[in-house]
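Enquirer: After the structure tokens below, expect a handful of questions from me.
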Amino acid sequence: GGTLFLDELGEISLMGQVKLLRAIEPGGFTPVGGAQIHRPDVRIIAATNRDLLERVNEGAMRRDFYYRIHVIPIHLPPLRQRKEDIPLLMDQFFRELFHNKSLMARDLLSPSLFDFMMDYDYPGNVQELYNLTRYFFSHYAAHPLILAQLPSYIRNQMRKSDQDHSPVRLRVLAAIAASPRIGRGAIKNALAVAGVELSDGRLRGLLKELSEEGLIRINRTRGGCEITEQGLMSLRH
């Protein structure tokens with residue numbers, strides 16, 4: 001007995017499907033050169049990101065193989081569609097890497113980096129999240145990691161996004177410069193008047209980015225935001 005895990009099931013060739021089908025048939029199989037029938041006692045778990053029925057209709061998968069494998073289907077949405085799992089997975093990955101059963105991602109990541117990890121789309125799914133936790137593990141040095149310590153491929157994406165949204169950044173800076181100690185709600189209203197719609201999450205993240213870059217100060221206890229000299233210089237240029 002045992003478990004046979006078939007990864008990327010939708011990519012198995014037709015010939016490979018024939019061989020697997022013979023091996024898992026209830027009647028058993030006879031190995032090449034043998035005379036005795038072998039009846040495998042295995043549990044099969046298969047994974048794929050393809051639509052297998054569509055592969056059947058395309059002729060890329062045998063119908064009999066599909067119905068032999070397709071017994072209890074479990075649909076697992078991509079990570080970007082189940083964001084509530086992200087902190088749980090990060091906590092688990094970090095605990096394994098640091099050998100600390102009580103460690104949490106918030107202990108290692110700055111608030112802005114944690115928020116970024118929650119908002120990121122993860123085109124590489126859970127494997128990309130795991131790779132990022134390993135990357136952070138290798139760069140951690142007793143202080144919470146910040147956005148600037150993200151891998152270069154993500155920072156490059158962020159720069160492109162910032163370029164695409166630079167008018168929004170400038171409008172936010174301008175609103176803060178015009179009204180010292182302005183709050184998020186008032187900033188959203190100022191942007192709306194200018195025809196710019198921004199979600200609370202995106203505005204919160206943008207303000208944290210501007211703060212980390214030294215362009216604004218975010219005051220505590222409803223103190224609002226203030227622009228810095230560096231922020232004023234950024235507006236002038």
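Each chain of the structure tokens is named A, B, ... in the order shown, its residues numbered from 1; ligands are numbered from 1 in display order.
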Show which residues sit within 12 Å of Tyr67 (chain A), as a list in words. Count only C-alpha atoms, and ignore same-chain residues fewer than 4 positions away.
Expert: Gln17, Leu21, Glu25, Leu52, Leu53, Val56, Met61, Arg62, Arg63, Val71, Ile72 and Pro73 of chain A
Enquirer: Give me the residues near Ile218 (chain A) as a PyMOL selection string, where near means some atom within 12 Å (using only C-alpha atoms) and where sequence neighbours in that chain fewer than 2 positions away do not count.
Expert: chain A and resi 176+180-184+204+206-216+220-228
Enquirer: Using N, CA, C and O atoms, can you write the selected residues to a file as a JSON list (two decimals), in the first residue's frame?
Expert:
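Final output, part_39.json:
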[["chain", "number", "residue", "atom", "x", "y", "z"],
["A", 176, "ILE", "N", -1.59, 66.71, 0.71],
["A", 176, "ILE", "CA", -0.99, 66.78, 2.05],
["A", 176, "ILE", "C", -0.28, 68.12, 2.23],
["A", 176, "ILE", "O", -0.33, 68.73, 3.31],
["A", 180, "PRO", "N", -1.91, 70.68, 5.98],
["A", 180, "PRO", "CA", -1.12, 69.97, 7.00],
["A", 180, "PRO", "C", -2.02, 69.20, 7.96],
["A", 180, "PRO", "O", -3.12, 69.64, 8.29],
["A", 181, "ARG", "N", -1.55, 68.02, 8.37],
["A", 181, "ARG", "CA", -2.27, 67.12, 9.28],
["A", 181, "ARG", "C", -3.59, 66.63, 8.68],
["A", 181, "ARG", "O", -4.56, 66.35, 9.39],
["A", 182, "ILE", "N", -3.63, 66.51, 7.37],
["A", 182, "ILE", "CA", -4.82, 66.01, 6.69],
["A", 182, "ILE", "C", -4.97, 64.51, 6.91],
["A", 182, "ILE", "O", -3.98, 63.77, 6.97],
["A", 183, "GLY", "N", -6.19, 64.06, 7.06],
["A", 183, "GLY", "CA", -6.46, 62.64, 7.28],
["A", 183, "GLY", "C", -6.76, 61.91, 5.98],
["A", 183, "GLY", "O", -6.93, 62.53, 4.93],
["A", 184, "ARG", "N", -6.85, 60.57, 6.06],
["A", 184, "ARG", "CA", -7.08, 59.76, 4.86],
["A", 184, "ARG", "C", -8.40, 60.11, 4.18],
["A", 184, "ARG", "O", -8.50, 60.17, 2.96],
["A", 204, "ARG", "N", -3.96, 53.59, 1.83],
["A", 204, "ARG", "CA", -3.19, 53.29, 3.02],
["A", 204, "ARG", "C", -1.78, 52.81, 2.65],
["A", 204, "ARG", "O", -0.79, 53.24, 3.23],
["A", 206, "LEU", "N", -0.19, 53.40, -0.17],
["A", 206, "LEU", "CA", 0.55, 54.50, -0.80],
["A", 206, "LEU", "C", 1.11, 55.45, 0.24],
["A", 206, "LEU", "O", 2.26, 55.90, 0.14],
["A", 207, "LEU", "N", 0.32, 55.75, 1.27],
["A", 207, "LEU", "CA", 0.80, 56.63, 2.33],
["A", 207, "LEU", "C", 1.98, 56.01, 3.07],
["A", 207, "LEU", "O", 2.95, 56.70, 3.42],
["A", 208, "LYS", "N", 1.92, 54.69, 3.30],
["A", 208, "LYS", "CA", 3.04, 54.02, 3.96],
["A", 208, "LYS", "C", 4.29, 54.04, 3.10],
["A", 208, "LYS", "O", 5.41, 54.22, 3.59],
["A", 209, "GLU", "N", 4.11, 53.87, 1.78],
["A", 209, "GLU", "CA", 5.25, 53.95, 0.87],
["A", 209, "GLU", "C", 5.88, 55.34, 0.91],
["A", 209, "GLU", "O", 7.11, 55.48, 1.00],
["A", 210, "LEU", "N", 5.04, 56.37, 0.85],
["A", 210, "LEU", "CA", 5.54, 57.75, 0.88],
["A", 210, "LEU", "C", 6.24, 58.04, 2.20],
["A", 210, "LEU", "O", 7.26, 58.75, 2.24],
["A", 211, "SER", "N", 5.72, 57.47, 3.30],
["A", 211, "SER", "CA", 6.35, 57.65, 4.60],
["A", 211, "SER", "C", 7.72, 56.97, 4.65],
["A", 211, "SER", "O", 8.70, 57.55, 5.14],
["A", 212, "GLU", "N", 7.79, 55.74, 4.15],
["A", 212, "GLU", "CA", 9.06, 55.02, 4.16],
["A", 212, "GLU", "C", 10.11, 55.70, 3.27],
["A", 212, "GLU", "O", 11.30, 55.62, 3.52],
["A", 213, "GLU", "N", 9.64, 56.37, 2.22],
["A", 213, "GLU", "CA", 10.56, 57.08, 1.34],
["A", 213, "GLU", "C", 10.94, 58.45, 1.90],
["A", 213, "GLU", "O", 11.74, 59.17, 1.30],
["A", 214, "GLY", "N", 10.38, 58.80, 3.05],
["A", 214, "GLY", "CA", 10.72, 60.06, 3.68],
["A", 214, "GLY", "C", 10.03, 61.28, 3.09],
["A", 214, "GLY", "O", 10.43, 62.41, 3.35],
["A", 215, "LEU", "N", 8.97, 61.05, 2.31],
["A", 215, "LEU", "CA", 8.28, 62.16, 1.66],
["A", 215, "LEU", "C", 7.18, 62.76, 2.53],
["A", 215, "LEU", "O", 6.82, 63.93, 2.37],
["A", 216, "ILE", "N", 6.64, 61.97, 3.46],
["A", 216, "ILE", "CA", 5.61, 62.47, 4.38],
["A", 216, "ILE", "C", 5.87, 61.88, 5.77],
["A", 216, "ILE", "O", 6.63, 60.92, 5.93],
["A", 220, "ARG", "N", 0.64, 59.97, 14.78],
["A", 220, "ARG", "CA", -0.19, 59.02, 15.54],
["A", 220, "ARG", "C", -1.46, 59.69, 16.05],
["A", 220, "ARG", "O", -1.57, 60.92, 16.05],
["A", 221, "THR", "N", -2.36, 58.86, 16.52],
["A", 221, "THR", "CA", -3.61, 59.30, 17.17],
["A", 221, "THR", "C", -4.31, 60.43, 16.41],
["A", 221, "THR", "O", -4.44, 61.54, 16.90],
["A", 222, "ARG", "N", -4.70, 60.10, 15.20],
["A", 222, "ARG", "CA", -5.49, 61.01, 14.37],
["A", 222, "ARG", "C", -4.77, 62.33, 14.09],
["A", 222, "ARG", "O", -5.41, 63.37, 13.91],
["A", 223, "GLY", "N", -3.45, 62.26, 14.07],
["A", 223, "GLY", "CA", -2.68, 63.48, 13.79],
["A", 223, "GLY", "C", -2.56, 63.78, 12.31],
["A", 223, "GLY", "O", -2.02, 64.82, 11.91],
["A", 224, "GLY", "N", -3.06, 62.88, 11.47],
["A", 224, "GLY", "CA", -3.02, 63.11, 10.03],
["A", 224, "GLY", "C", -1.62, 62.99, 9.45],
["A", 224, "GLY", "O", -0.70, 62.46, 10.08],
["A", 225, "CYS", "N", -1.47, 63.51, 8.24],
["A", 225, "CYS", "CA", -0.19, 63.42, 7.51],
["A", 225, "CYS", "C", 0.38, 64.81, 7.27],
["A", 225, "CYS", "O", -0.35, 65.78, 7.08],
["A", 226, "GLU", "N", 1.70, 64.88, 7.26],
["A", 226, "GLU", "CA", 2.40, 66.13, 6.96],
["A", 226, "GLU", "C", 3.45, 65.85, 5.91],
["A", 226, "GLU", "O", 4.09, 64.79, 5.92],
["A", 227, "ILE", "N", 3.67, 66.79, 5.04],
["A", 227, "ILE", "CA", 4.69, 66.62, 4.01],
["A", 227, "ILE", "C", 6.05, 67.05, 4.58],
["A", 227, "ILE", "O", 6.14, 67.95, 5.43],
["A", 228, "THR", "N", 7.11, 66.39, 4.16],
["A", 228, "THR", "CA", 8.47, 66.72, 4.60],
["A", 228, "THR", "C", 9.14, 67.61, 3.57],
["A", 228, "THR", "O", 8.62, 67.83, 2.48]]
Enquirer: Rounded to one decimal, what separation in Å do you get between CA of Gln230 (chain A) and CA of Arg217 (chain A)?
Expert: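 Here the two named atoms are 10.8 Å from each other.
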Enquirer: Env of region 75-83 of chain A: 8 Å cut, atoms = only C-alpha atoms, seq-sep filter 3 positions within chain, self excluded. Answer as number ranges by chain.
Expert: A: 86, 118-122, 125-126
Enquirer: Please provide as JSON, numbers by chain all residues within 6 Å of region 6-9 of chain A, with the sequence filter that same-chain residues fewer than 3 positions apart are discarded (counting only C-alpha atoms).
Expert: {"A": [12, 46, 47, 48]}
Enquirer: Hey, which of A:Gly205, A:His99, A:Arg39, A:Gly10 ends up closest to Met117 (chain A)? Count only C-alpha atoms.
Expert: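 Between A:Gly205, A:His99, A:Arg39, A:Gly10, the residue approaching Met117 (chain A) most closely is A:Gly205.
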Enquirer: Could you give me, as a PyMOL selection string, each residue of region 115-186 of chain A that DSSP assigns to alpha helix (DSSP H) when run on this structure's backbone?
Expert: chain A and resi 115-119+125-139+152-164+166-178+184-186
Enquirer: For Asp64 (chain A), which of A:Ala148, A:Val42, A:Ala186, A:Ile24 is the closest residue, counting only C-alpha atoms?
Expert: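 Using only C-alpha atoms, the shortest distance to Asp64 (chain A) belongs to A:Ile24.
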Enquirer: Set the distance at 9 Å and use only C-alpha atoms: which residues neighbour Leu203 (chain A) once local chain neighbours fewer than 6 positions away are removed? I'd like the list as a list of chain:residue names.
Expert: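 In the requested format, the answer is A:Val172, A:Arg184, A:Ile187, A:Lys188.
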Enquirer: Could you write those residues out with N, CA, C and O atoms, as an mmCIF file, in the first residue's frame?
Expert:
data_model
loop_
_atom_site.group_PDB
_atom_site.id
_atom_site.type_symbol
_atom_site.label_atom_id
_atom_site.label_comp_id
_atom_site.auth_asym_id
_atom_site.auth_seq_id
_atom_site.Cartn_x
_atom_site.Cartn_y
_atom_site.Cartn_z
ATOM 1 N N VAL A 172 -1.578 63.032 -4.221
ATOM 2 C CA VAL A 172 -1.627 62.772 -2.781
ATOM 3 C C VAL A 172 -0.660 63.704 -2.054
ATOM 4 O O VAL A 172 -1.008 64.315 -1.026
ATOM 5 N N ARG A 184 -6.848 60.567 6.058
ATOM 6 C CA ARG A 184 -7.078 59.761 4.859
ATOM 7 C C ARG A 184 -8.402 60.110 4.179
ATOM 8 O O ARG A 184 -8.501 60.165 2.964
ATOM 9 N N ILE A 187 -8.060 63.220 2.240
ATOM 10 C CA ILE A 187 -7.233 62.977 1.048
ATOM 11 C C ILE A 187 -8.078 62.312 -0.034
ATOM 12 O O ILE A 187 -8.023 62.687 -1.211
ATOM 13 N N LYS A 188 -8.889 61.308 0.366
ATOM 14 C CA LYS A 188 -9.766 60.636 -0.607
ATOM 15 C C LYS A 188 -10.741 61.621 -1.236
ATOM 16 O O LYS A 188 -10.995 61.571 -2.443
#
Enquirer: Which residue gives the smallest distance to Leu108 (chain A) among A:Ile74, A:Leu129, A:Ala142, A:Leu235, with only C-alpha atoms counted?
Expert: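 The closest residue to Leu108 (chain A) is A:Ala142.
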Enquirer: Mind pulling up the distance from CA of Phe116 (chain A) to CA of Glu197 (chain A)?
Expert: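 CA of Phe116 (chain A) lies 19.7 Å from CA of Glu197 (chain A).
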Enquirer: Expressed in Å to a single decimal, how great is the separation between CA of Asp51 (chain A) and CA of Leu88 (chain A)?
Expert: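 Spanning CA of Asp51 (chain A) to CA of Leu88 (chain A) is a straight-line distance of 28.1 Å.
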Enquirer: Which residues are close to Leu109 (chain A), i.e. within 12 Å by only C-alpha atoms, leaving aside same-chain residues fewer than 2 positions away? Reply as a PyMOL selection string.
Expert: chain A and resi 87+90-91+94+103-107+111-118+132-133+136-137+139-150
Enquirer: Show me, as a ChimeraX atom specification, the residues that have an atom within 12 Å of Asp41 (chain A) when counting only C-alpha atoms, minus same-chain residues fewer than 2 positions from it.
Expert: /A:1-4,23-28,38-39,43-44
Enquirer: Filtering to N, CA and C atoms, could you give me those residues as a PDB file, in the first residue's frame?
Expert:
ATOM      1  N   GLY A   1       0.821  -1.197   0.000  1.00  0.00           N
ATOM      2  CA  GLY A   1       0.000   0.000   0.000  1.00  0.00           C
ATOM      3  C   GLY A   1       0.856   1.248   0.000  1.00  0.00           C
ATOM      4  N   GLY A   2       0.239   2.390  -0.269  1.00  0.00           N
ATOM      5  CA  GLY A   2       0.961   3.648  -0.307  1.00  0.00           C
ATOM      6  C   GLY A   2       0.169   4.674  -1.094  1.00  0.00           C
ATOM      7  N   THR A   3       0.804   5.817  -1.329  1.00  0.00           N
ATOM      8  CA  THR A   3       0.175   6.900  -2.076  1.00  0.00           C
ATOM      9  C   THR A   3       1.037   7.258  -3.277  1.00  0.00           C
ATOM     10  N   LEU A   4       0.406   7.344  -4.435  1.00  0.00           N
ATOM     11  CA  LEU A   4       1.096   7.751  -5.664  1.00  0.00           C
ATOM     12  C   LEU A   4       0.610   9.148  -6.019  1.00  0.00           C
ATOM     13  N   ALA A  23      -1.534   0.178 -15.339  1.00  0.00           N
ATOM     14  CA  ALA A  23      -0.975  -0.093 -14.014  1.00  0.00           C
ATOM     15  C   ALA A  23      -2.015   0.026 -12.913  1.00  0.00           C
ATOM     16  N   ILE A  24      -3.025   0.878 -13.114  1.00  0.00           N
ATOM     17  CA  ILE A  24      -3.991   1.110 -12.037  1.00  0.00           C
ATOM     18  C   ILE A  24      -5.335   0.421 -12.272  1.00  0.00           C
ATOM     19  N   GLU A  25      -5.449  -0.348 -13.349  1.00  0.00           N
ATOM     20  CA  GLU A  25      -6.691  -1.098 -13.595  1.00  0.00           C
ATOM     21  C   GLU A  25      -6.934  -2.086 -12.452  1.00  0.00           C
ATOM     22  N   PRO A  26      -8.194  -2.247 -12.034  1.00  0.00           N
ATOM     23  CA  PRO A  26      -8.498  -3.169 -10.928  1.00  0.00           C
ATOM     24  C   PRO A  26      -8.035  -4.590 -11.195  1.00  0.00           C
ATOM     25  N   GLY A  27      -8.037  -4.997 -12.469  1.00  0.00           N
ATOM     26  CA  GLY A  27      -7.656  -6.368 -12.793  1.00  0.00           C
ATOM     27  C   GLY A  27      -6.173  -6.630 -12.669  1.00  0.00           C
ATOM     28  N   GLY A  28      -5.384  -5.569 -12.472  1.00  0.00           N
ATOM     29  CA  GLY A  28      -3.947  -5.723 -12.337  1.00  0.00           C
ATOM     30  C   GLY A  28      -3.234  -5.681 -13.672  1.00  0.00           C
ATOM     31  N   HIS A  38       0.151  -8.483 -11.213  1.00  0.00           N
ATOM     32  CA  HIS A  38       0.361  -7.612 -10.061  1.00  0.00           C
ATOM     33  C   HIS A  38      -0.872  -6.718  -9.894  1.00  0.00           C
ATOM     34  N   ARG A  39      -1.381  -6.656  -8.694  1.00  0.00           N
ATOM     35  CA  ARG A  39      -2.516  -5.779  -8.402  1.00  0.00           C
ATOM     36  C   ARG A  39      -2.053  -4.700  -7.422  1.00  0.00           C
ATOM     37  N   ARG A  43      -3.167   4.484  -3.210  1.00  0.00           N
ATOM     38  CA  ARG A  43      -4.091   5.613  -3.289  1.00  0.00           C
ATOM     39  C   ARG A  43      -3.463   6.640  -4.230  1.00  0.00           C
ATOM     40  N   ILE A  44      -4.239   7.120  -5.189  1.00  0.00           N
ATOM     41  CA  ILE A  44      -3.710   8.062  -6.171  1.00  0.00           C
ATOM     42  C   ILE A  44      -4.227   9.467  -5.885  1.00  0.00           C
TER      43      ILE A  44
END
Enquirer: Pick out the closest residue to Val196 (chain A) from this set: A:Leu14, A:Ser179, A:Gly59, A:Leu170. Count only C-alpha atoms.
Expert: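 Among the listed residues, A:Leu170 lies closest to Val196 (chain A).
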Enquirer: Could you write out, as a PDB file with N, CA, C and O atoms, in the first residue's frame, all the residues of region 15-77 of chain A that DSSP marks as strand (DSSP E or B)?
Expert:
ATOM      1  N   PHE A  29      -1.919  -5.908 -13.629  1.00  0.00           N
ATOM      2  CA  PHE A  29      -1.104  -5.859 -14.840  1.00  0.00           C
ATOM      3  C   PHE A  29       0.013  -6.889 -14.731  1.00  0.00           C
ATOM      4  O   PHE A  29       0.383  -7.321 -13.631  1.00  0.00           O
ATOM      5  N   HIS A  38       0.151  -8.483 -11.213  1.00  0.00           N
ATOM      6  CA  HIS A  38       0.361  -7.612 -10.061  1.00  0.00           C
ATOM      7  C   HIS A  38      -0.872  -6.718  -9.894  1.00  0.00           C
ATOM      8  O   HIS A  38      -1.337  -6.105 -10.854  1.00  0.00           O
ATOM      9  N   ARG A  43      -3.167   4.484  -3.210  1.00  0.00           N
ATOM     10  CA  ARG A  43      -4.091   5.613  -3.289  1.00  0.00           C
ATOM     11  C   ARG A  43      -3.463   6.640  -4.230  1.00  0.00           C
ATOM     12  O   ARG A  43      -2.284   6.974  -4.087  1.00  0.00           O
ATOM     13  N   ILE A  44      -4.239   7.120  -5.189  1.00  0.00           N
ATOM     14  CA  ILE A  44      -3.710   8.062  -6.171  1.00  0.00           C
ATOM     15  C   ILE A  44      -4.227   9.467  -5.885  1.00  0.00           C
ATOM     16  O   ILE A  44      -5.424   9.687  -5.743  1.00  0.00           O
ATOM     17  N   ILE A  45      -3.291  10.403  -5.765  1.00  0.00           N
ATOM     18  CA  ILE A  45      -3.626  11.821  -5.638  1.00  0.00           C
ATOM     19  C   ILE A  45      -2.990  12.526  -6.828  1.00  0.00           C
ATOM     20  O   ILE A  45      -1.790  12.362  -7.092  1.00  0.00           O
ATOM     21  N   ALA A  46      -3.783  13.268  -7.565  1.00  0.00           N
ATOM     22  CA  ALA A  46      -3.280  13.942  -8.766  1.00  0.00           C
ATOM     23  C   ALA A  46      -3.537  15.444  -8.659  1.00  0.00           C
ATOM     24  O   ALA A  46      -4.489  15.891  -8.005  1.00  0.00           O
TER      25      ALA A  46
END
